[in-house]
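Okay, coords_25.cif now, which holds mmCIF, C-alpha atoms:
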data_entry
#
loop_
_atom_site.label_atom_id
_atom_site.label_comp_id
_atom_site.auth_asym_id
_atom_site.auth_seq_id
_atom_site.Cartn_x
_atom_site.Cartn_y
_atom_site.Cartn_z
CA MET Z 28 0.00 0.00 0.00
CA ASN Z 29 2.78 2.45 0.99
CA PHE Z 30 0.41 5.25 1.94
CA PRO Z 31 0.60 7.80 3.44
CA ARG Z 32 3.92 8.91 2.00
CA ALA Z 33 6.28 11.86 2.27
CA THR Z 34 7.99 12.52 -1.04
CA LEU Z 35 11.29 14.39 -0.86
CA ASP Z 36 12.22 16.52 -3.88
CA LEU Z 37 16.01 16.69 -4.04
CA ASP Z 38 15.93 19.15 -6.94
CA ALA Z 39 13.89 21.53 -4.77
CA LEU Z 40 16.53 21.35 -2.04
CA ARG Z 41 19.27 22.20 -4.51
CA HIS Z 42 17.15 25.00 -5.98
CA ASN Z 43 16.58 26.53 -2.55
CA LEU Z 44 20.28 26.33 -1.67
CA ALA Z 45 21.09 28.12 -4.93
CA LEU Z 46 18.66 30.87 -3.93
CA VAL Z 47 20.51 31.25 -0.62
CA ARG Z 48 23.75 31.65 -2.58
CA ARG Z 49 22.18 34.39 -4.67
CA LEU Z 50 20.95 36.24 -1.60
CA ALA Z 51 24.34 36.09 0.10
CA PRO Z 52 26.96 35.65 -2.65
CA GLN Z 53 29.86 36.67 -0.41
CA SER Z 54 28.93 34.31 2.42
CA ARG Z 55 29.66 30.69 3.12
CA VAL Z 56 26.64 28.54 3.87
CA LEU Z 57 26.14 26.47 7.02
CA ALA Z 58 23.01 24.52 6.09
CA ALA Z 59 20.88 23.38 9.02
CA VAL Z 60 19.94 19.70 8.83
CA LYS Z 61 19.13 19.22 12.52
CA ALA Z 62 16.00 17.41 13.72
CA ASN Z 63 16.16 14.83 10.91
CA ALA Z 64 16.57 17.70 8.44
CA TYR Z 65 13.41 19.38 9.72
CA GLY Z 66 11.59 16.08 9.33
CA HIS Z 67 12.63 15.62 5.71
CA GLY Z 68 15.25 12.88 6.22
CA LEU Z 69 18.76 13.52 7.50
CA ILE Z 70 20.90 11.45 5.13
CA PRO Z 71 19.20 12.15 1.77
CA VAL Z 72 18.91 15.86 2.56
CA ALA Z 73 22.55 16.10 3.63
CA ARG Z 74 23.65 14.43 0.41
CA ALA Z 75 21.46 16.74 -1.65
CA LEU Z 76 22.97 19.76 0.13
CA SER Z 77 26.54 18.54 -0.20
CA SER Z 78 27.52 21.70 -2.08
CA ALA Z 79 27.00 23.71 1.12
CA ASP Z 80 30.15 24.75 2.97
CA ALA Z 81 29.10 23.00 6.18
CA LEU Z 82 26.09 21.29 7.74
CA GLY Z 83 24.61 22.14 11.12
CA VAL Z 84 23.18 19.53 13.49
CA ALA Z 85 21.90 19.89 17.04
CA ARG Z 86 23.42 16.83 18.66
CA LEU Z 87 26.33 14.45 18.46
CA GLU Z 88 24.19 11.50 17.37
CA GLU Z 89 23.09 13.35 14.24
CA ALA Z 90 26.68 14.17 13.32
CA LEU Z 91 27.83 10.59 13.86
CA ALA Z 92 25.03 9.31 11.61
CA LEU Z 93 26.23 11.65 8.85
CA ARG Z 94 29.83 10.52 9.25
CA ALA Z 95 28.72 6.87 9.17
CA ALA Z 96 26.90 7.62 5.92
CA GLY Z 97 30.15 8.92 4.40
CA LEU Z 98 29.48 12.67 4.59
CA ALA Z 99 32.87 14.41 4.69
CA LEU Z 100 31.60 18.01 4.86
CA PRO Z 101 32.38 20.08 7.95
CA LEU Z 102 29.69 19.36 10.55
CA VAL Z 103 28.84 21.83 13.30
CA LEU Z 104 27.36 20.76 16.65
CA LEU Z 105 25.03 23.68 17.24
CA GLU Z 106 24.27 22.72 20.86
CA GLY Z 107 27.93 22.01 21.57
CA VAL Z 108 28.83 19.11 23.83
CA VAL Z 109 27.64 18.16 27.29
CA SER Z 110 30.55 15.99 28.43
CA VAL Z 111 34.26 15.47 27.96
CA GLU Z 112 33.48 12.13 26.33
CA ASP Z 113 31.37 13.91 23.72
CA LEU Z 114 34.19 16.39 23.15
CA HIS Z 115 36.64 13.56 22.47
CA ALA Z 116 34.15 12.02 20.04
CA ALA Z 117 33.74 15.37 18.31
CA ALA Z 118 37.47 15.71 17.84
CA ALA Z 119 37.83 12.13 16.66
CA HIS Z 120 35.13 12.61 14.01
CA ARG Z 121 36.32 16.03 12.85
CA LEU Z 122 33.31 17.94 14.13
CA ASP Z 123 33.11 21.68 14.74
CA VAL Z 124 31.82 22.56 18.20
CA VAL Z 125 29.73 25.54 19.26
CA VAL Z 126 30.85 26.79 22.68
CA HIS Z 127 28.22 28.77 24.56
CA SER Z 128 29.26 28.52 28.22
CA TRP Z 129 32.28 28.71 30.47
CA ASP Z 130 31.74 25.04 31.40
CA GLN Z 131 32.23 24.09 27.76
CA ILE Z 132 35.34 26.25 27.52
CA ALA Z 133 36.76 24.43 30.53
CA MET Z 134 36.14 21.10 28.78
CA LEU Z 135 38.51 22.11 25.99
CA ASP Z 136 41.42 21.68 28.39
CA ALA Z 137 40.56 17.98 28.59
CA LEU Z 138 41.58 17.35 25.01
CA ALA Z 139 44.94 15.65 25.02
CA GLY Z 140 47.41 14.12 22.62
CA GLY Z 141 47.30 16.95 20.14
CA GLN Z 142 43.56 16.66 19.44
CA GLN Z 143 42.13 19.80 17.87
CA LEU Z 144 38.83 21.00 16.48
CA ASP Z 145 37.21 24.12 15.09
CA VAL Z 146 35.31 26.21 17.65
CA TRP Z 147 32.36 28.55 17.18
CA LEU Z 148 31.87 30.89 20.13
CA LYS Z 149 28.21 31.76 20.60
CA LEU Z 150 27.17 35.14 21.96
CA ASP Z 151 23.87 35.82 23.67
CA THR Z 152 22.88 39.17 22.17
CA GLY Z 153 19.28 39.05 23.37
CA MET Z 154 17.76 35.64 22.59
CA HIS Z 155 18.58 34.56 26.17
CA ARG Z 156 18.65 30.88 25.33
CA LEU Z 157 22.26 29.85 24.76
CA GLY Z 158 25.38 31.98 24.61
CA LEU Z 159 28.13 33.79 26.42
CA MET Z 160 27.40 37.28 27.73
CA PRO Z 161 28.80 40.02 25.47
CA GLY Z 162 30.96 41.38 28.28
CA ASP Z 163 32.63 37.98 28.60
CA PHE Z 164 33.47 37.59 24.93
CA LEU Z 165 37.03 38.90 24.90
CA ALA Z 166 38.04 36.82 27.92
CA ALA Z 167 36.31 33.74 26.52
CA HIS Z 168 37.99 34.17 23.17
CA GLN Z 169 41.39 34.50 24.79
CA ARG Z 170 40.79 31.44 26.96
CA VAL Z 171 39.90 29.35 23.89
CA VAL Z 172 42.98 30.60 22.04
CA ASN Z 173 45.18 29.80 25.05
CA SER Z 174 43.82 26.26 25.21
CA LYS Z 175 45.61 25.56 21.92
CA VAL Z 176 42.97 23.01 20.90
CA ALA Z 177 41.11 25.29 18.50
CA ARG Z 178 42.34 25.16 14.91
CA THR Z 179 39.97 27.99 14.05
CA VAL Z 180 37.74 30.20 16.17
CA ARG Z 181 34.58 31.72 14.72
CA VAL Z 182 31.74 33.61 16.38
CA MET Z 183 27.96 33.47 16.01
CA THR Z 184 24.73 34.69 17.54
CA HIS Z 185 21.05 33.94 16.95
CA LEU Z 186 18.28 36.41 16.17
CA ALA Z 187 15.10 36.12 18.20
CA SER Z 188 12.72 38.06 15.92
CA ALA Z 189 14.33 38.20 12.49
CA GLU Z 190 11.01 37.59 10.74
CA VAL Z 191 9.75 40.98 11.94
CA ARG Z 192 11.06 43.60 9.56
CA GLY Z 193 12.53 46.68 11.20
CA ASN Z 194 12.20 45.14 14.66
CA ALA Z 195 13.97 47.27 17.28
CA SER Z 196 15.21 44.26 19.25
CA THR Z 197 16.88 42.83 16.14
CA HIS Z 198 18.60 46.16 15.48
CA ARG Z 199 19.81 46.03 19.07
CA GLN Z 200 21.08 42.46 18.70
CA LEU Z 201 23.08 43.43 15.61
CA GLU Z 202 24.58 46.41 17.45
CA ILE Z 203 25.55 44.32 20.47
CA PHE Z 204 27.15 41.68 18.28
CA GLU Z 205 29.17 44.19 16.29
CA ALA Z 206 30.36 46.01 19.43
CA SER Z 207 31.34 42.75 21.12
CA VAL Z 208 33.43 41.24 18.32
CA ALA Z 209 34.83 44.39 16.68
CA GLY Z 210 38.52 44.15 15.96
CA CYS Z 211 38.83 40.43 16.70
CA GLY Z 212 39.23 39.45 13.04
CA LEU Z 213 37.00 36.39 13.39
CA GLU Z 214 34.65 34.95 10.82
CA ARG Z 215 31.10 35.80 11.93
CA SER Z 216 27.63 34.28 11.53
CA ILE Z 217 24.26 35.80 12.35
CA ALA Z 218 21.65 35.23 9.64
CA ASN Z 219 19.18 32.39 9.85
CA SER Z 220 16.59 32.05 7.07
CA ALA Z 221 14.58 35.10 8.12
CA GLY Z 222 17.77 37.06 8.72
CA LEU Z 223 18.95 36.24 5.22
CA ILE Z 224 15.75 37.58 3.70
CA ALA Z 225 14.95 40.58 5.89
CA TRP Z 226 18.27 41.76 7.36
CA PRO Z 227 21.06 42.30 4.80
CA ALA Z 228 23.37 43.47 7.60
CA ALA Z 229 23.22 39.93 9.02
CA ARG Z 230 24.72 38.38 5.88
CA LEU Z 231 28.28 38.09 7.12
CA GLU Z 232 31.07 35.60 6.41
CA TRP Z 233 28.69 32.71 7.20
CA VAL Z 234 24.92 32.37 6.94
CA ARG Z 235 22.88 29.60 8.55
CA PRO Z 236 19.73 28.89 6.51
CA GLY Z 237 17.33 26.31 7.83
CA VAL Z 238 13.65 26.29 7.01
CA MET Z 239 14.00 28.11 3.68
CA LEU Z 240 16.14 25.25 2.37
CA TYR Z 241 13.05 23.08 2.66
CA GLY Z 242 10.93 25.47 0.62
CA ILE Z 243 9.13 26.98 3.61
CA SER Z 244 8.87 30.72 4.10
CA PRO Z 245 10.13 32.08 7.43
CA MET Z 246 8.33 35.37 6.78
CA PRO Z 247 4.75 36.06 7.84
CA ASP Z 248 4.24 38.52 4.98
CA LEU Z 249 5.77 36.50 2.13
CA SER Z 250 4.87 33.06 0.83
CA ALA Z 251 7.47 30.53 -0.24
CA ALA Z 252 6.41 31.02 -3.86
CA GLU Z 253 6.84 34.79 -3.56
CA LEU Z 254 10.37 34.18 -2.30
CA GLY Z 255 11.13 31.82 -5.18
CA LEU Z 256 11.34 28.76 -2.93
CA ARG Z 257 10.14 25.29 -3.90
CA PRO Z 258 8.62 22.84 -1.38
CA ALA Z 259 10.98 19.98 -0.69
CA MET Z 260 8.36 17.67 0.76
CA THR Z 261 4.87 16.62 -0.31
CA LEU Z 262 2.80 14.68 2.21
CA SER Z 263 0.16 12.62 0.42
CA THR Z 264 -2.12 9.64 0.78
CA ARG Z 265 -5.14 8.04 -0.95
CA LEU Z 266 -8.89 7.90 -0.45
CA ILE Z 267 -9.82 4.44 0.77
CA ALA Z 268 -13.60 4.97 0.94
CA ILE Z 269 -16.33 7.40 -0.10
CA ASN Z 270 -19.55 7.46 1.92
CA ALA Z 271 -22.91 9.16 1.38
CA VAL Z 272 -24.08 11.25 4.33
CA LYS Z 273 -27.58 12.69 4.62
CA ALA Z 274 -28.19 16.33 5.49
CA GLY Z 275 -28.13 16.72 9.26
CA GLU Z 276 -25.91 13.70 9.92
CA SER Z 277 -22.57 14.15 11.67
CA VAL Z 278 -19.13 12.79 10.83
CA GLY Z 279 -16.25 11.65 13.04
CA TYR Z 280 -15.43 11.66 16.74
CA GLY Z 281 -17.60 14.00 18.75
CA GLY Z 282 -19.86 14.67 15.77
CA LEU Z 283 -18.18 18.04 15.31
CA TRP Z 284 -19.04 18.30 11.59
CA ARG Z 285 -22.66 18.09 10.52
CA ALA Z 286 -23.74 17.93 6.89
CA SER Z 287 -25.71 20.98 5.76
CA ARG Z 288 -26.81 19.05 2.66
CA ASP Z 289 -26.63 15.52 1.32
CA SER Z 290 -22.88 15.02 1.06
CA LEU Z 291 -20.13 12.69 -0.04
CA ILE Z 292 -17.38 12.10 2.50
CA GLY Z 293 -14.02 10.75 1.40
CA VAL Z 294 -11.97 8.81 3.92
CA ALA Z 295 -8.22 9.36 3.60
CA SER Z 296 -5.61 7.00 4.99
CA ILE Z 297 -3.80 9.45 7.26
CA GLY Z 298 -4.22 10.65 10.84
CA TYR Z 299 -2.47 11.99 13.88
CA GLY Z 300 -0.62 8.68 14.20
CA ASP Z 301 1.18 9.76 11.03
CA GLY Z 302 1.83 13.28 12.31
CA TYR Z 303 -1.16 14.95 10.65
CA PRO Z 304 -2.46 17.31 13.35
CA ARG Z 305 -5.51 16.15 15.29
CA HIS Z 306 -6.49 19.73 16.08
CA LEU Z 307 -6.86 20.79 12.44
CA PRO Z 308 -10.40 22.17 12.14
CA SER Z 309 -13.09 21.27 9.66
CA GLY Z 310 -12.61 23.46 6.62
CA ALA Z 311 -8.82 23.04 6.51
CA PRO Z 312 -7.75 22.55 2.88
CA VAL Z 313 -6.53 19.39 1.17
CA LEU Z 314 -6.11 18.55 -2.50
CA VAL Z 315 -7.97 15.60 -4.00
CA ASN Z 316 -6.66 14.75 -7.47
CA GLY Z 317 -5.30 18.30 -7.58
CA ARG Z 318 -8.57 20.02 -6.66
CA GLU Z 319 -9.12 21.73 -3.33
CA ALA Z 320 -11.46 20.15 -0.81
CA THR Z 321 -11.84 20.52 2.94
CA LEU Z 322 -11.63 18.43 6.07
CA ALA Z 323 -14.99 17.40 7.50
CA GLY Z 324 -14.75 16.32 11.13
CA ARG Z 325 -11.98 15.56 13.56
CA VAL Z 326 -8.74 13.92 12.40
CA SER Z 327 -8.44 10.49 14.02
CA MET Z 328 -5.41 8.27 14.59
CA ASP Z 329 -5.28 6.62 11.17
CA LEU Z 330 -7.97 8.33 9.10
CA SER Z 331 -9.21 11.76 8.07
CA THR Z 332 -12.56 12.61 6.51
CA ILE Z 333 -12.94 15.05 3.62
CA ASP Z 334 -15.98 16.69 2.05
CA VAL Z 335 -15.75 15.70 -1.63
CA THR Z 336 -19.38 16.50 -2.51
CA ASP Z 337 -18.40 18.96 -5.22
CA LEU Z 338 -15.63 16.81 -6.71
CA ALA Z 339 -17.35 14.63 -9.28
CA GLU Z 340 -14.05 12.92 -10.12
CA ALA Z 341 -13.34 11.83 -6.54
CA ARG Z 342 -12.93 8.06 -6.44
CA VAL Z 343 -11.50 5.47 -4.10
CA GLY Z 344 -7.77 5.52 -4.77
CA ALA Z 345 -7.66 9.25 -5.59
CA GLN Z 346 -4.53 11.04 -4.44
CA VAL Z 347 -4.87 13.35 -1.46
CA VAL Z 348 -2.18 15.98 -0.85
CA LEU Z 349 -2.06 17.24 2.73
CA TRP Z 350 0.71 19.76 2.06
CA GLY Z 351 3.54 20.32 -0.38
CA GLN Z 352 3.25 20.56 -4.15
CA GLY Z 353 0.22 22.72 -4.86
CA LEU Z 354 -0.71 23.28 -1.21
CA PRO Z 355 1.80 25.26 0.88
CA ILE Z 356 2.53 23.86 4.32
CA GLU Z 357 2.24 27.41 5.65
CA ARG Z 358 -1.53 27.35 4.96
CA ILE Z 359 -1.92 24.16 6.97
CA ALA Z 360 0.19 25.51 9.82
CA GLN Z 361 -1.99 28.60 9.99
CA CYS Z 362 -5.12 26.45 10.17
CA ALA Z 363 -3.52 24.35 12.90
CA GLY Z 364 -2.41 27.37 14.92
CA THR Z 365 1.23 26.33 14.76
CA ILE Z 366 4.32 26.84 12.59
CA SER Z 367 5.41 24.97 9.48
CA TYR Z 368 8.57 23.74 11.22
CA GLU Z 369 6.52 21.72 13.71
CA LEU Z 370 4.35 20.09 11.06
CA ALA Z 371 7.35 18.93 9.04
CA CYS Z 372 9.26 17.70 12.09
CA ARG Z 373 6.40 15.66 13.54
CA ILE Z 374 5.84 13.28 10.59
CA ALA Z 375 5.82 9.79 12.07
CA GLY Z 376 8.19 6.95 11.30
CA ARG Z 377 5.44 4.78 9.80
CA VAL Z 378 4.95 7.25 6.94
CA HIS Z 379 6.57 5.82 3.82
CA ARG Z 380 9.47 7.92 2.53
CA GLU Z 381 10.05 8.39 -1.16
CA ILE Z 382 12.82 10.34 -2.91
CA GLY Z 383 12.46 12.21 -6.16
CA GLY Z 384 14.74 14.44 -8.20
CA GLU Z 385 17.79 12.20 -7.94
#

Would you mind writing the file out in structure tokens?
Amino acid sequence: MNFPRATLDLDALRHNLALVRRLAPQSRVLAAVKANAYGHGLIPVARALSSADALGVARLEEALALRAAGLALPLVLLEGVVSVEDLHAAAAHRLDVVVHSWDQIAMLDALAGGQQLDVWLKLDTGMHRLGLMPGDFLAAHQRVVNSKVARTVRVMTHLASAEVRGNASTHRQLEIFEASVAGCGLERSIANSAGLIAWPAARLEWVRPGVMLYGISPMPDLSAAELGLRPAMTLSTRLIAINAVKAGESVGYGGLWRASRDSLIGVASIGYGDGYPRHLPSGAPVLVNGREATLAGRVSMDLSTIDVTDLAEARVGAQVVLWGQGLPIERIAQCAGTISYELACRIAGRVHREIGGE
């Protein structure tokens, strides 16, 4: 059966990376593939993005999986390490390490036998999540240099509200960063996807695109298509039944949807057990054989019900697209009251994966 399925478009990934290059032609690209490449599949995405200058992962296990798959690109541990053992593993597997605390700086002294790695110092310029305080930067930098385990030292920060154009807090973050690292001669990185699009001043020696690589807009006022991005994933399934429902009858758990007329209800083989959100409301869009229809009733574990009354061509076996080609994931996220990132990341393991554009 092999439905539902998530189809990965490798050509779209490469297209979106090329767009990043055009936006920041003087920058090197650290492509974020953390969280199973935002739910798209770590290994195939990493291979498709192999023309990036480096790949960013959150945790050691992700980096080790990429090395085991033969990826030789520089890999950056964006969360850094949590133990000396992890630090030794990072050095042994040629991983770059983000250092965001004095505890992590102290760990560097534990490297012995000539082990070295590349270090990215992370500054907290206002996100208040991870990072060294700006006033500590010079001392931290000197301590890392003195440890003699860093082949290269770079510096980064993360923007909290880059998707809000002209945001005063983002202006302040950029000012703090510049004042903190001025004169150090280090390669710098600020821009995430939204920073790349909305804040040209954040396009420094390195940029760190994430969600835009997957064809998803980070901007509330611009769609992916308006930005020239192509969706890298299409989540689809099939209709496995079509049922006649009389006017006044209800559909699904809780009877939340009631037919206002004699209706045809298609039953699609997908549910919250596959990562399709249970809290999507009736009226949320889907595509049935390329034509828009709407959910009718609550999403259940394995099945979703769709009003196909006005789709004369709807048949058992018809393709249903939940998001992706022809139906932007941003629309579904808005209906679900969440963000596109979460929808892509939550696709379940039982969903069949398919790769296109090889």

Inset, instruction - Write out as a PyMOL selection string each polymer residue whose atoms come within 12 Å of Asn63 of chain Z, counting all atoms listed in the file; drop sequence neighbours fewer than 4 positions from it. - result: chain Z and resi 59+67-73+83-86+88-90+92-93+237+368+371-376

Inset, instruction - Taking the file above as input, evaluate the PyMOL selection byres ((chain Z and resi 363) around 9) and report the hits as a list in words. - result: Pro304, Arg305, His306, Leu307, Pro308, Ala311, Arg358, Ile359, Ala360, Gln361, Cys362, Gly364, Thr365 and Ile366 of chain Z

Inset, instruction - Apply the PyMOL selection byres ((chain Z and resi 340) around 12) to the file shown and report the selected residues as an MDAnalysis selection string. - result: chainID Z and resid 269 291 293 315:318 335:339 341:346

Hey, could you make a per-residue contact list for segment 52-121 of chain Z against segment 156-167 of chain Z with 12 Å as the cut-off, showing the nearest pair of atoms and its distance in Å to one decimal, counting only C-alpha atoms, sorted by chain and number, as JSON lines?
{"residue": "Z:Leu105", "atom": "CA", "partner": "Z:Leu157", "partner_atom": "CA", "distance": 10.1}
{"residue": "Z:Glu106", "atom": "CA", "partner": "Z:Leu157", "partner_atom": "CA", "distance": 8.4}
{"residue": "Z:Gly107", "atom": "CA", "partner": "Z:Leu157", "partner_atom": "CA", "distance": 10.2}

Inset, instruction - Could you state which residues are captured by the PyMOL selection byres ((chain Z and resi 185) around 10) in this file, as number ranges by chain? - result: Z: 149-158, 183-184, 186-189, 197, 200-201, 204, 216-219, 222, 235

Inset, instruction - Find the spatial neighbours of Asn29 of chain Z, counting all atoms listed in the file, within a cut-off of 9 Å - ignore same-chain residues fewer than 4 positions away - and output them as a ChimeraX atom specification. - result: /Z:264,378-380

Segment 327-337 of chain Z, all listed atoms, 5 Å padding on each side: what axis-aligned box centre and edge lengths in Å to one decimal come out, as JSON?
{"center_x": -12.3, "center_y": 12.8, "center_z": 4.7, "size_x": 24.1, "size_y": 22.3, "size_z": 29.8}

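Among the candidates Z:His168, Z:Arg199, Z:Arg215, Z:Arg48, the residue lying nearest to Arg181 of chain Z is Z:Arg215 (atoms considered: only C-alpha atoms).
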